[in-house]
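Q: Please read through the structure below; I'll follow up with questions.
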Protein chains: 2
Amino acid sequence: MHEHDIKSFFADEENLLRDDYLFFTYSVETCVEPRVALAGLCSEMSTAQWSRPGKDEDFRPKFAAKVVHFEVLEISKTPHFVSAFHHAEAYTRLIVRIAYPHRNFGARIPNLLTVACGEGAFYSHGVSAIKLLDIDFPDEYLSAFSGPKFGLDGIRGLLEVYDRPIFCGVVKPNVGLKPEDFVSLAYEAWCGGLDIAKDDEMLADTEYSPLDLRTKLAGEACKKAEDETGTKKIFLANITDEVSELKRLHDIAVKNGAGAVMVNGFTTGLSAVRSLSAYAQVPVVSHFDFMAWFSRIPFFGVSSYVMTKLQRLCGFDLIIMPGFGSRMLSEEDEVLDNVETCLNTFGNLKRSLPAPGGSDSAVTLPTLFQKLGHADFAMVPGRGVFGHPAGPRAGALSLHQAWDAVQAKEPLHLYAKEHKELALSISTFSS
Amino acid sequence: MHEHDIKSFFADEENLLRDDYLFFTYSVETCVEPRVALAGLCSEMSTAQWSRPGKDEDFRPKFAAKVVHFEVLEISKTPHFVSAFHHAEAYTRLIVRIAYPHRNFGARIPNLLTVACGEGAFYSHGVSAIKLLDIDFPDEYLSAFSGPKFGLDGIRGLLEVYDRPIFCGVVKPNVGLKPEDFVSLAYEAWCGGLDIAKDDEMLADTEYSPLDLRTKLAGEACKKAEDETGTKKIFLANITDEVSELKRLHDIAVKNGAGAVMVNGFTTGLSAVRSLSAYAQVPVVSHFDFMAWFSRIPFFGVSSYVMTKLQRLCGFDLIIMPGFGSRMLSEEDEVLDNVETCLNTFGNLKRSLPAPGGSDSAVTLPTLFQKLGHADFAMVPGRGVFGHPAGPRAGALSLHQAWDAVQAKEPLHLYAKEHKELALSISTFSS
């Protein structure tokens with residue numbers, strides 16, 4: 001590419017109309033001169049050809065992606081990932097911010113992903129590693145999205161729980177368990193104080209546990225637990241299925257008394273979630289299956305941060321995400337950033353309720369609260385409630401006891417002296 | 001896990017009912033004892049808890065994933081990917097074949113992906129790297145899928161081209177180009193002998209190029225080119241959009257004369273493709289955007305081979321995939337395997353037409369044919385047709401000339417002496 005062509009893929013951010021652009025942040029490793037690599041990247045992502053042969057025209061001013069900032073971080077003699085296709089003396093690692101005119105595709109998730117994570121962005125000349133770290137959306141673009149219909153505040157309103165974390169629990173065992181038995185475990189946990197009892201992400205509408213029967217029994221048990229406890233309860237039904245079935249399964253689940261539905265967004269498609277959210281009469285909850293396969297490797301793929309943002313954009317009211325600790329292979333900053341992006345100002349979109357999960361129990365509650373610094377989150381224990389030695393009712397109760405200890409600013413093990421369910425959680429789930 | 005528990009996640013394949021299982025092949029790196037790691041992996045992917053506390057029951061015989069074979073490839077002192085979460089003296093690298101009872105989720109793409117690439121499979125104890133390499137489907141499972149409605153033979157029938165590769169071309173430039181100008185380039189290429197002129201994967205239904213207008217003009221031009229050449233032509237419209245819009249855009253495109261529609265399957269969702277394919281009146285064509293982000297790294301993610309299989313399963317009639325050569329960063333075997341899986345016996349599903357692409361032109365045709373060993377493929381040049389110095393008509397013609405040279409078993413440069421369009425392709429596109 002000639003120098004004057006390279007220049008047309010660079011711009012001063014101050015000269016751009018903020019509302020016309022999305023801003024993509026990538027980490028890039030390149031084995032060619034950085035400005036050449038980045039101009040090529042912008043070109044491949046947008047106007048790969050910017051004029052017809054022999055015509056005096058140039059589509060770049062209006063349609064090209066443009067580098068507005070980049071910063072070289074280091075130069076390495078070895079690449080992040082050895083490949084047969086990139087050989088060089090040196091590999092430059094940098095962060096780049098690219099302004100992308102969204103008029104090229106509009107407020108459409110599949111087309112946004114095509115541009116940000118498509119052939120162009122990936123197979124760009126001299127780029128030996130690339131990871132999409134962030135997308136910065138102007139309010140004008142966000143206004144085309146409805147976002148969560150209920151959001152954090154809506155879920156709090158449904159549960160009438162305003163001042164503590166939401167206690168959600170995955171019924172265990174689940175795969176192989178008959179609906180009657182499954183629901184009686186949920187019932188026990190609700191009675192012990194669980195707010196939301198949920199289907200595992202691997203449950204489906206199958207012969208051994210048809211969604212209709214499971215939600216019918218769960219809906220009845222939920223009402224019974226509400227009557228017994230005088231508090232609100234939600235059964236969260238996993239309706240992950242073929243896109244063509246989502247609305248039908250939503251209708252069955254809601255009619256039967258499910259207070260929320262779950263969809264594995266990345267295996268089903270975020271665009272389908274956007275439709276479902278617009279249609280849903282109850283909160284829509286995400287599970288993160290498949291996300292690790294493109295987000296977990298440093299310097300390659302798409303960050304979970306981008307995917308959390310997109311999940312909020314598509315209307316997930318509650319976002320289950322990999323949480324703290326070695327179980328979920330996530331660095332602390334990553335979890336904190338993902339929680340934050342559920343809650344911060346994002347156009348006029350409602351806040352999503354973040355649920356950083358992974359081997360949680362009453363034991364992990366104080367740490368979770370302390371790390372996050374607020375109570376606007378959901379816990380999603382499985383074994384921590386349903387594997388409690390005294391049963392799910394005691395497991396759920398121990399979560400409340402742990403929260404009471406936090407509120408009383410008392411160490412768990414001291415508080416547990418007077419609370420045997422908590423004491424059992426500590427002896428069972430402390431690692 | 002106790003030894004007797006570990007054993008329940010192993011089975012002899014000969015003792016399993018073939019039709020009841022899918023078989024997943026993973027490459028796995030583990031920092032714990034392989035049998036322990038693999039039993040844990042199977043457990044996390046299926047019956048993580050296999051009984052209720054205190055109950056004499058076991059869901060594993062019917063519902064557990066089971067290792068039927070594994071083979072240690074090497075033991076390394078360093079992991080494939082350095083992470084804060086996996087420290088060990090040694091890392092065992094192996095290939096494992098896992099039998100998975102599909103009664104757990106049924107013939108549903110999102111649920112299949114949830115199991116094969118979900119939280120369980122990824123966040124399994126002691127697994128420091130994992131890549132899904134293959135899924136082996138029994139015919140009974142495949143019979144629940146319709147697969148391609150037209151397939152390779154259907155597309156050949158529509159075009160009345162039976163004995164050579166299909167010449168498909170991406171109109172360039174495209175982003176920023178007005179529909180009138182865009183279509184006149186397509187028209188020229190059709191007249192030169194192109195079979196299918198296609199939208200770029202980044203085109204959408206936008207203000208500067210509304211799908212309705214683009215397909216209306218393209219439909220008219222397509223008819224005109226058919227009349228002029230006396231051969232069949234297809235305009236391939238990119239209808240990638242929100243899932244809720246796919247059928248509407250399909251109807252517009254088809255009414256206007258588009259002979260095929262394209263969807264970026266991984267950004268839109270494979271499940272949505274399955275619905276669209278069942279609905280479509282014309283062939284449905286894939287583009288591979290987003291696939292690289294989870295398939296490109298060795299030993300991590302999901303292979304493009306699995307994704308090609310799934311695309312055929314979901315009904316793509318023509319599958320555009322990364323082709324040979326350094327441009328698309330693909331090893332030769334990977335491309336050959338992906339082409340093969342479009343064409344081999346796969347239950348009763350029709351064959352998909354494979355289109356291995358990337359910087360193709362008349363120059364690459366002989367090599368492509370020679371590597372594949374047959375003519376059952378589509379070429380997808382962009383610049384190779386539309387960047388031809390004598391225009392798209394000459395660019396398309398040069399493809400036929402190259403094919404004639406191949407048929408005559410004559411080297412391109414000799415054949416080009418009497419064929420100036422081919423000669424120009426050689427001088428322009430030889431690398």
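How things are named: the first chain in the structure tokens is A, the next is B, and so on; residues count from 1 in each chain; ligands count from 1 in the order shown.
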If we count only C-alpha atoms, what is near Ser43 of chain A at a cut-off of 9 Å, once residues fewer than 2 positions away on the same chain are taken out, given as a list in words?

A: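 Neighbouring residues, sequence-local ones excluded: Phe9, Leu38, Ala39, Gly40, Leu41, Met45, Ser46, Thr47, Ala48, Gln49, Trp50, Arg60, Ala64, Ala65, Lys66, Gly120 and Ser124 of chain A.
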
Q: Could you save those same residues with C-alpha atoms as an mmCIF file, in the first residue's frame?

A:
data_model
loop_
_atom_site.group_PDB
_atom_site.id
_atom_site.type_symbol
_atom_site.label_atom_id
_atom_site.label_comp_id
_atom_site.auth_asym_id
_atom_site.auth_seq_id
_atom_site.Cartn_x
_atom_site.Cartn_y
_atom_site.Cartn_z
ATOM 1 C CA PHE A 9 -6.905 4.714 6.941
ATOM 2 C CA LEU A 38 -3.086 -1.384 10.630
ATOM 3 C CA ALA A 39 -3.993 0.333 7.358
ATOM 4 C CA GLY A 40 -4.367 -3.138 5.844
ATOM 5 C CA LEU A 41 -6.524 -4.264 8.748
ATOM 6 C CA MET A 45 -12.535 -4.708 7.541
ATOM 7 C CA SER A 46 -14.244 -2.141 5.328
ATOM 8 C CA THR A 47 -13.441 -0.830 1.852
ATOM 9 C CA ALA A 48 -10.958 -3.488 0.741
ATOM 10 C CA GLN A 49 -11.345 -1.959 -2.711
ATOM 11 C CA TRP A 50 -12.185 1.710 -2.465
ATOM 12 C CA ARG A 60 -12.810 5.651 2.039
ATOM 13 C CA ALA A 64 -13.474 3.117 5.588
ATOM 14 C CA ALA A 65 -12.488 1.995 9.060
ATOM 15 C CA LYS A 66 -9.815 4.319 10.422
ATOM 16 C CA GLY A 120 -11.368 -9.160 7.021
ATOM 17 C CA SER A 124 -5.319 -9.366 7.413
#

Q: Need the shell around Glu220 of chain B: protein/DNA/RNA residues with any atom at most 10 Å away, counting only C-alpha atoms. Skip same-chain ones fewer than 5 positions apart. Format as a PyMOL selection string?

A: chain B and resi 183+187+215+225-226+256-258

Q: Can you pull out the residues contacting Ile252 of chain A? Cut-off 12 Å, using only C-alpha atoms, and skip same-chain residues under 4 positions away; I want them as a list of chain:residue names.

A: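 Final neighbour list, sorted by chain and number: A:Asp205, A:Pro210, A:Leu211, A:Asp212, A:Leu213, A:Arg214, A:Thr215, A:Lys216, A:Gly219, A:Ala237, A:Asn238, A:Ile239, A:Glu245, A:Leu246, A:Lys247, A:Arg248, A:Asn256, A:Gly257, A:Ala258, A:Gly259, A:Ala260, A:Val261, A:Ala280, A:Gln281.
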
Q: For segment 84-197 of chain B against segment 293-296 of chain A, with a cut-off of 10 Å and counting only C-alpha atoms, what is the closest atom pair and its distance in Å to one decimal for every residue that makes the cut, ordered by chain and number, as a Markdown table?

A:
| residue | atom | partner | partner_atom | distance |
| --- | --- | --- | --- | --- |
| B:Cys117 | CA | A:Trp293 | CA | 7.3 |
| B:Gly118 | CA | A:Trp293 | CA | 8.6 |
| B:Glu119 | CA | A:Trp293 | CA | 9.7 |
| B:Phe122 | CA | A:Trp293 | CA | 7.7 |
| B:Ile130 | CA | A:Trp293 | CA | 9.0 |
| B:Lys131 | CA | A:Trp293 | CA | 8.5 |
| B:Leu132 | CA | A:Trp293 | CA | 9.8 |

Q: I need the residue nearest chain B from this list: A:Arg383, A:Lys417, A:Arg351, A:Lys309. Use only C-alpha atoms for the distance.

A: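 Residue with the minimum atom-to-atom distance to chain B: A:Arg383.
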
Q: If you run DSSP on the backbone, which residues of segment 164-324 of chain A are alpha helix (DSSP H), as a PyMOL selection string?

A: chain A and resi 179-192+211-229+246-255+265-268+270-279+292-295+304-313

Q: If DSSP is run on the backbone, what residues of segment 256-335 of chain B are strand (DSSP E)? A reply as an NGL selection string would be ideal.

A: :B and (260-264 or 284-287 or 301-302 or 318-322)

Q: Just write the chosen residues, N, CA and C atoms, as an mmCIF file, in the first residue's frame.

A:
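Saved result, out.cif, follows:
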data_model
loop_
_atom_site.group_PDB
_atom_site.id
_atom_site.type_symbol
_atom_site.label_atom_id
_atom_site.label_comp_id
_atom_site.auth_asym_id
_atom_site.auth_seq_id
_atom_site.Cartn_x
_atom_site.Cartn_y
_atom_site.Cartn_z
ATOM 1 N N ALA B 260 -29.933 -17.291 -5.046
ATOM 2 C CA ALA B 260 -29.391 -17.923 -3.835
ATOM 3 C C ALA B 260 -29.236 -16.831 -2.774
ATOM 4 N N VAL B 261 -29.193 -17.241 -1.510
ATOM 5 C CA VAL B 261 -28.988 -16.277 -0.425
ATOM 6 C C VAL B 261 -27.810 -16.720 0.438
ATOM 7 N N MET B 262 -27.100 -15.743 0.989
ATOM 8 C CA MET B 262 -25.950 -16.043 1.844
ATOM 9 C C MET B 262 -26.237 -15.591 3.272
ATOM 10 N N VAL B 263 -25.782 -16.390 4.214
ATOM 11 C CA VAL B 263 -25.867 -16.023 5.632
ATOM 12 C C VAL B 263 -24.521 -16.334 6.283
ATOM 13 N N ASN B 264 -24.008 -15.388 7.048
ATOM 14 C CA ASN B 264 -22.807 -15.645 7.834
ATOM 15 C C ASN B 264 -23.233 -16.488 9.038
ATOM 16 N N VAL B 284 -28.939 -21.976 -0.018
ATOM 17 C CA VAL B 284 -28.437 -21.142 1.071
ATOM 18 C C VAL B 284 -26.922 -21.340 1.169
ATOM 19 N N VAL B 285 -26.209 -20.233 1.193
ATOM 20 C CA VAL B 285 -24.750 -20.247 1.099
ATOM 21 C C VAL B 285 -24.159 -19.680 2.390
ATOM 22 N N SER B 286 -23.080 -20.310 2.852
ATOM 23 C CA SER B 286 -22.443 -19.849 4.094
ATOM 24 C C SER B 286 -21.253 -18.954 3.819
ATOM 25 N N HIS B 287 -20.952 -18.088 4.766
ATOM 26 C CA HIS B 287 -19.641 -17.465 4.838
ATOM 27 C C HIS B 287 -19.097 -17.726 6.225
ATOM 28 N N GLY B 301 -9.945 -24.758 21.257
ATOM 29 C CA GLY B 301 -11.145 -24.320 20.553
ATOM 30 C C GLY B 301 -11.871 -25.456 19.862
ATOM 31 N N VAL B 302 -12.320 -25.174 18.657
ATOM 32 C CA VAL B 302 -13.098 -26.147 17.879
ATOM 33 C C VAL B 302 -12.528 -26.151 16.468
ATOM 34 N N LEU B 318 -24.027 -24.475 -0.170
ATOM 35 C CA LEU B 318 -22.685 -24.130 -0.641
ATOM 36 C C LEU B 318 -21.949 -23.579 0.571
ATOM 37 N N ILE B 319 -20.776 -24.123 0.823
ATOM 38 C CA ILE B 319 -20.028 -23.727 2.026
ATOM 39 C C ILE B 319 -18.726 -23.049 1.618
ATOM 40 N N ILE B 320 -18.657 -21.737 1.856
ATOM 41 C CA ILE B 320 -17.419 -20.998 1.600
ATOM 42 C C ILE B 320 -16.519 -21.190 2.817
ATOM 43 N N MET B 321 -15.283 -21.562 2.567
ATOM 44 C CA MET B 321 -14.353 -21.896 3.658
ATOM 45 C C MET B 321 -12.970 -21.352 3.341
ATOM 46 N N PRO B 322 -12.116 -21.173 4.347
ATOM 47 C CA PRO B 322 -10.754 -20.738 4.067
ATOM 48 C C PRO B 322 -10.065 -21.781 3.185
#

Q: So what do you get for atom CA of Tyr26 of chain B versus atom CA of Arg97 of chain B, distance-wise?

A: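 Separation between atom CA of Tyr26 of chain B and atom CA of Arg97 of chain B: 6.7 Å.
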
Q: Segment 68-78 of chain B: which residues within 6 Å, counting only C-alpha atoms, same-chain residues fewer than 4 positions away excluded, as an mmCIF file with all heavy atoms, in the first residue's frame?

A:
data_model
loop_
_atom_site.group_PDB
_atom_site.id
_atom_site.type_symbol
_atom_site.label_atom_id
_atom_site.label_comp_id
_atom_site.auth_asym_id
_atom_site.auth_seq_id
_atom_site.Cartn_x
_atom_site.Cartn_y
_atom_site.Cartn_z
ATOM 1 N N ALA B 11 -15.952 -46.900 28.924
ATOM 2 C CA ALA B 11 -16.764 -47.991 28.382
ATOM 3 C C ALA B 11 -16.078 -48.591 27.167
ATOM 4 O O ALA B 11 -15.182 -47.984 26.563
ATOM 5 C CB ALA B 11 -18.150 -47.472 27.993
ATOM 6 N N ASP B 12 -16.513 -49.783 26.835
ATOM 7 C CA ASP B 12 -16.033 -50.456 25.638
ATOM 8 C C ASP B 12 -17.002 -50.094 24.510
ATOM 9 O O ASP B 12 -18.203 -50.335 24.614
ATOM 10 C CB ASP B 12 -16.039 -51.963 25.904
ATOM 11 C CG ASP B 12 -15.351 -52.726 24.780
ATOM 12 O OD1 ASP B 12 -15.292 -52.194 23.648
ATOM 13 O OD2 ASP B 12 -14.880 -53.848 25.047
ATOM 14 N N GLU B 13 -16.499 -49.487 23.454
ATOM 15 C CA GLU B 13 -17.383 -49.013 22.387
ATOM 16 C C GLU B 13 -18.260 -50.130 21.830
ATOM 17 O O GLU B 13 -19.406 -49.904 21.446
ATOM 18 C CB GLU B 13 -16.563 -48.341 21.273
ATOM 19 C CG GLU B 13 -17.430 -47.637 20.252
ATOM 20 C CD GLU B 13 -16.663 -46.665 19.352
ATOM 21 O OE1 GLU B 13 -15.573 -46.201 19.744
ATOM 22 O OE2 GLU B 13 -17.158 -46.376 18.252
ATOM 23 N N ALA B 90 4.470 -31.815 34.758
ATOM 24 C CA ALA B 90 4.341 -32.407 33.430
ATOM 25 C C ALA B 90 2.919 -32.240 32.905
ATOM 26 O O ALA B 90 1.964 -32.200 33.691
ATOM 27 C CB ALA B 90 4.693 -33.889 33.491
ATOM 28 N N TYR B 91 2.824 -32.125 31.603
ATOM 29 C CA TYR B 91 1.529 -31.968 30.939
ATOM 30 C C TYR B 91 1.385 -33.093 29.924
ATOM 31 O O TYR B 91 2.213 -33.217 29.020
ATOM 32 C CB TYR B 91 1.463 -30.603 30.244
ATOM 33 C CG TYR B 91 1.572 -29.450 31.223
ATOM 34 C CD1 TYR B 91 2.820 -29.017 31.685
ATOM 35 C CD2 TYR B 91 0.431 -28.820 31.708
ATOM 36 C CE1 TYR B 91 2.921 -27.978 32.610
ATOM 37 C CE2 TYR B 91 0.524 -27.782 32.624
ATOM 38 C CZ TYR B 91 1.770 -27.363 33.063
ATOM 39 O OH TYR B 91 1.861 -26.336 33.969
ATOM 40 N N THR B 92 0.354 -33.888 30.110
ATOM 41 C CA THR B 92 0.136 -35.016 29.209
ATOM 42 C C THR B 92 -0.777 -34.580 28.070
ATOM 43 O O THR B 92 -1.846 -34.015 28.298
ATOM 44 C CB THR B 92 -0.517 -36.193 29.956
ATOM 45 O OG1 THR B 92 0.270 -36.487 31.102
ATOM 46 C CG2 THR B 92 -0.616 -37.416 29.052
ATOM 47 N N ARG B 93 -0.342 -34.818 26.859
ATOM 48 C CA ARG B 93 -1.140 -34.475 25.679
ATOM 49 C C ARG B 93 -1.708 -35.756 25.077
ATOM 50 O O ARG B 93 -0.968 -36.711 24.840
ATOM 51 C CB ARG B 93 -0.286 -33.734 24.672
ATOM 52 C CG ARG B 93 0.128 -32.375 25.221
ATOM 53 C CD ARG B 93 1.212 -31.710 24.440
ATOM 54 N NE ARG B 93 1.596 -30.470 25.097
ATOM 55 C CZ ARG B 93 2.646 -29.728 24.760
ATOM 56 N NH1 ARG B 93 3.414 -30.106 23.756
ATOM 57 N NH2 ARG B 93 2.899 -28.619 25.412
ATOM 58 N N LEU B 94 -2.989 -35.729 24.834
ATOM 59 C CA LEU B 94 -3.635 -36.963 24.376
ATOM 60 C C LEU B 94 -4.799 -36.648 23.451
ATOM 61 O O LEU B 94 -5.265 -35.506 23.360
ATOM 62 C CB LEU B 94 -4.103 -37.784 25.587
ATOM 63 C CG LEU B 94 -4.998 -37.079 26.609
ATOM 64 C CD1 LEU B 94 -6.460 -37.180 26.201
ATOM 65 C CD2 LEU B 94 -4.823 -37.716 27.982
ATOM 66 N N ILE B 95 -5.245 -37.696 22.783
ATOM 67 C CA ILE B 95 -6.461 -37.642 21.979
ATOM 68 C C ILE B 95 -7.462 -38.562 22.647
ATOM 69 O O ILE B 95 -7.114 -39.682 23.028
ATOM 70 C CB ILE B 95 -6.200 -38.159 20.541
ATOM 71 C CG1 ILE B 95 -5.172 -37.300 19.813
ATOM 72 C CG2 ILE B 95 -7.503 -38.244 19.749
ATOM 73 C CD1 ILE B 95 -5.705 -36.009 19.255
ATOM 74 N N VAL B 96 -8.699 -38.088 22.799
ATOM 75 C CA VAL B 96 -9.706 -38.920 23.445
ATOM 76 C C VAL B 96 -10.967 -38.990 22.589
ATOM 77 O O VAL B 96 -11.338 -38.016 21.934
ATOM 78 C CB VAL B 96 -10.029 -38.404 24.869
ATOM 79 C CG1 VAL B 96 -10.600 -36.993 24.826
ATOM 80 C CG2 VAL B 96 -10.993 -39.344 25.597
ATOM 81 N N ARG B 97 -11.581 -40.153 22.589
ATOM 82 C CA ARG B 97 -12.866 -40.345 21.916
ATOM 83 C C ARG B 97 -13.910 -40.621 23.000
ATOM 84 O O ARG B 97 -13.753 -41.537 23.809
ATOM 85 C CB ARG B 97 -12.760 -41.522 20.936
ATOM 86 C CG ARG B 97 -14.055 -41.859 20.181
ATOM 87 C CD ARG B 97 -13.737 -42.900 19.100
ATOM 88 N NE ARG B 97 -14.907 -43.555 18.556
ATOM 89 C CZ ARG B 97 -15.595 -43.120 17.476
ATOM 90 N NH1 ARG B 97 -15.214 -42.013 16.858
ATOM 91 N NH2 ARG B 97 -16.650 -43.791 17.029
ATOM 92 N N ILE B 98 -14.928 -39.778 23.011
ATOM 93 C CA ILE B 98 -15.942 -39.843 24.065
ATOM 94 C C ILE B 98 -17.299 -40.174 23.453
ATOM 95 O O ILE B 98 -17.716 -39.534 22.485
ATOM 96 C CB ILE B 98 -16.004 -38.489 24.816
ATOM 97 C CG1 ILE B 98 -14.720 -38.290 25.639
ATOM 98 C CG2 ILE B 98 -17.244 -38.404 25.700
ATOM 99 C CD1 ILE B 98 -14.614 -36.941 26.298
#

Q: Give me the residues within 6 Å of segment 161-175 of chain B as a list in words, counting only C-alpha atoms and dropping any in the same chain fewer than 2 places off.

A: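 The residues satisfying every condition are Thr47 and Gln49 of chain A; Arg156, Leu159, Leu177, Leu194, Asp195, Ile196, Ala197, Lys198, Asp200, Ala375, Asp376, Phe377, Ala378, Met379, Val380, Pro381, Gly382 and Phe386 of chain B.
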
Q: Excluding Gly395 of chain B and any residue of its chain fewer than 4 positions from it, enumerate the residues within 7 Å of it, using only C-alpha atoms, and give them as JSON, numbers by chain.

A: {"B": [384, 385, 386, 388, 391, 399, 421]}

Q: Which one is closest to chain A: B:Val127, B:Ala107, B:Ile234, B:Leu329? Count only C-alpha atoms.

A: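 Nearest to chain A: B:Leu329.
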
Q: Excluding segment 81-85 of chain A and any residue of its chain fewer than 3 positions from it, enumerate the residues within 10 Å of it, using only C-alpha atoms, and give them as JSON, numbers by chain.

A: {"A": [29, 78, 88, 126, 128, 129, 299, 300], "B": [80, 81, 296, 297, 298, 325, 326, 327, 328, 329, 330, 331]}

Q: Take the residues that were just selected and, keeping N, CA and C atoms, output them as a PDB file, in the first residue's frame.

A:
ATOM      1  N   GLU A  29      -0.721  -8.283  17.052  1.00  0.00           N
ATOM      2  CA  GLU A  29       0.700  -8.576  16.884  1.00  0.00           C
ATOM      3  C   GLU A  29       0.950  -8.655  15.382  1.00  0.00           C
ATOM      4  N   THR A  78       9.890 -13.535  19.128  1.00  0.00           N
ATOM      5  CA  THR A  78       9.050 -14.712  18.857  1.00  0.00           C
ATOM      6  C   THR A  78       7.577 -14.301  18.873  1.00  0.00           C
ATOM      7  N   ALA A  88       9.212 -13.792  10.747  1.00  0.00           N
ATOM      8  CA  ALA A  88       9.827 -12.474  10.721  1.00  0.00           C
ATOM      9  C   ALA A  88      10.903 -12.397  11.792  1.00  0.00           C
ATOM     10  N   GLY A 126      -0.028  -9.804   7.449  1.00  0.00           N
ATOM     11  CA  GLY A 126       1.009  -9.514   8.427  1.00  0.00           C
ATOM     12  C   GLY A 126       0.538  -9.494   9.867  1.00  0.00           C
ATOM     13  N   SER A 128      -0.243 -11.489  12.957  1.00  0.00           N
ATOM     14  CA  SER A 128       0.022 -12.846  13.444  1.00  0.00           C
ATOM     15  C   SER A 128      -0.807 -13.193  14.675  1.00  0.00           C
ATOM     16  N   ALA A 129      -1.394 -12.204  15.312  1.00  0.00           N
ATOM     17  CA  ALA A 129      -2.322 -12.464  16.426  1.00  0.00           C
ATOM     18  C   ALA A 129      -3.225 -11.252  16.576  1.00  0.00           C
ATOM     19  N   PHE A 299      -4.446 -12.543  23.796  1.00  0.00           N
ATOM     20  CA  PHE A 299      -3.950 -12.072  22.498  1.00  0.00           C
ATOM     21  C   PHE A 299      -4.608 -12.744  21.300  1.00  0.00           C
ATOM     22  N   PHE A 300      -5.682 -13.476  21.532  1.00  0.00           N
ATOM     23  CA  PHE A 300      -6.338 -14.146  20.415  1.00  0.00           C
ATOM     24  C   PHE A 300      -7.830 -14.275  20.691  1.00  0.00           C
TER      25      PHE A 300
ATOM     26  N   HIS B  80       0.884 -25.982  26.574  1.00  0.00           N
ATOM     27  CA  HIS B  80       0.666 -25.273  25.309  1.00  0.00           C
ATOM     28  C   HIS B  80       0.446 -23.784  25.570  1.00  0.00           C
ATOM     29  N   PHE B  81      -0.313 -23.483  26.606  1.00  0.00           N
ATOM     30  CA  PHE B  81      -0.648 -22.088  26.907  1.00  0.00           C
ATOM     31  C   PHE B  81      -0.362 -21.826  28.374  1.00  0.00           C
ATOM     32  N   ARG B 296      -8.657 -21.388  14.863  1.00  0.00           N
ATOM     33  CA  ARG B 296      -7.327 -21.211  14.266  1.00  0.00           C
ATOM     34  C   ARG B 296      -6.158 -21.673  15.117  1.00  0.00           C
ATOM     35  N   ILE B 297      -6.369 -21.684  16.458  1.00  0.00           N
ATOM     36  CA  ILE B 297      -5.255 -22.005  17.350  1.00  0.00           C
ATOM     37  C   ILE B 297      -5.169 -23.529  17.526  1.00  0.00           C
ATOM     38  N   PRO B 298      -3.982 -24.099  17.270  1.00  0.00           N
ATOM     39  CA  PRO B 298      -3.860 -25.541  17.495  1.00  0.00           C
ATOM     40  C   PRO B 298      -4.058 -25.862  18.984  1.00  0.00           C
ATOM     41  N   GLY B 325      -3.222 -22.015   0.842  1.00  0.00           N
ATOM     42  CA  GLY B 325      -2.271 -20.931   0.691  1.00  0.00           C
ATOM     43  C   GLY B 325      -2.155 -20.049   1.909  1.00  0.00           C
ATOM     44  N   SER B 326      -1.117 -19.255   1.923  1.00  0.00           N
ATOM     45  CA  SER B 326      -0.787 -18.475   3.101  1.00  0.00           C
ATOM     46  C   SER B 326      -1.839 -17.409   3.406  1.00  0.00           C
ATOM     47  N   ARG B 327      -2.564 -16.952   2.361  1.00  0.00           N
ATOM     48  CA  ARG B 327      -3.555 -15.898   2.583  1.00  0.00           C
ATOM     49  C   ARG B 327      -4.566 -16.286   3.654  1.00  0.00           C
ATOM     50  N   MET B 328      -4.989 -17.538   3.648  1.00  0.00           N
ATOM     51  CA  MET B 328      -6.040 -17.968   4.566  1.00  0.00           C
ATOM     52  C   MET B 328      -5.497 -18.768   5.749  1.00  0.00           C
ATOM     53  N   LEU B 329      -4.181 -18.777   5.914  1.00  0.00           N
ATOM     54  CA  LEU B 329      -3.540 -19.358   7.096  1.00  0.00           C
ATOM     55  C   LEU B 329      -3.988 -20.793   7.386  1.00  0.00           C
ATOM     56  N   SER B 330      -4.249 -21.533   6.335  1.00  0.00           N
ATOM     57  CA  SER B 330      -4.752 -22.900   6.525  1.00  0.00           C
ATOM     58  C   SER B 330      -3.764 -23.926   5.985  1.00  0.00           C
ATOM     59  N   GLU B 331      -3.540 -24.963   6.756  1.00  0.00           N
ATOM     60  CA  GLU B 331      -2.725 -26.076   6.299  1.00  0.00           C
ATOM     61  C   GLU B 331      -3.488 -26.830   5.213  1.00  0.00           C
TER      62      GLU B 331
END

Q: Check the smallest atom-to-atom distance from each of B:Leu397, B:Asp153, B:His125, B:Val335 to Pro34 of chain B using only C-alpha atoms, then report the winner.

A: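 Of B:Leu397, B:Asp153, B:His125, B:Val335, the one nearest Pro34 of chain B, counting only C-alpha atoms, is B:His125.
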
Q: Calculated over only C-alpha atoms, which of the candidates B:Asn344, B:Thr240, B:Ser425, B:Thr364 has the smallest distance to chain A?

A: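 Of B:Asn344, B:Thr240, B:Ser425, B:Thr364, the one nearest chain A, counting only C-alpha atoms, is B:Thr240.
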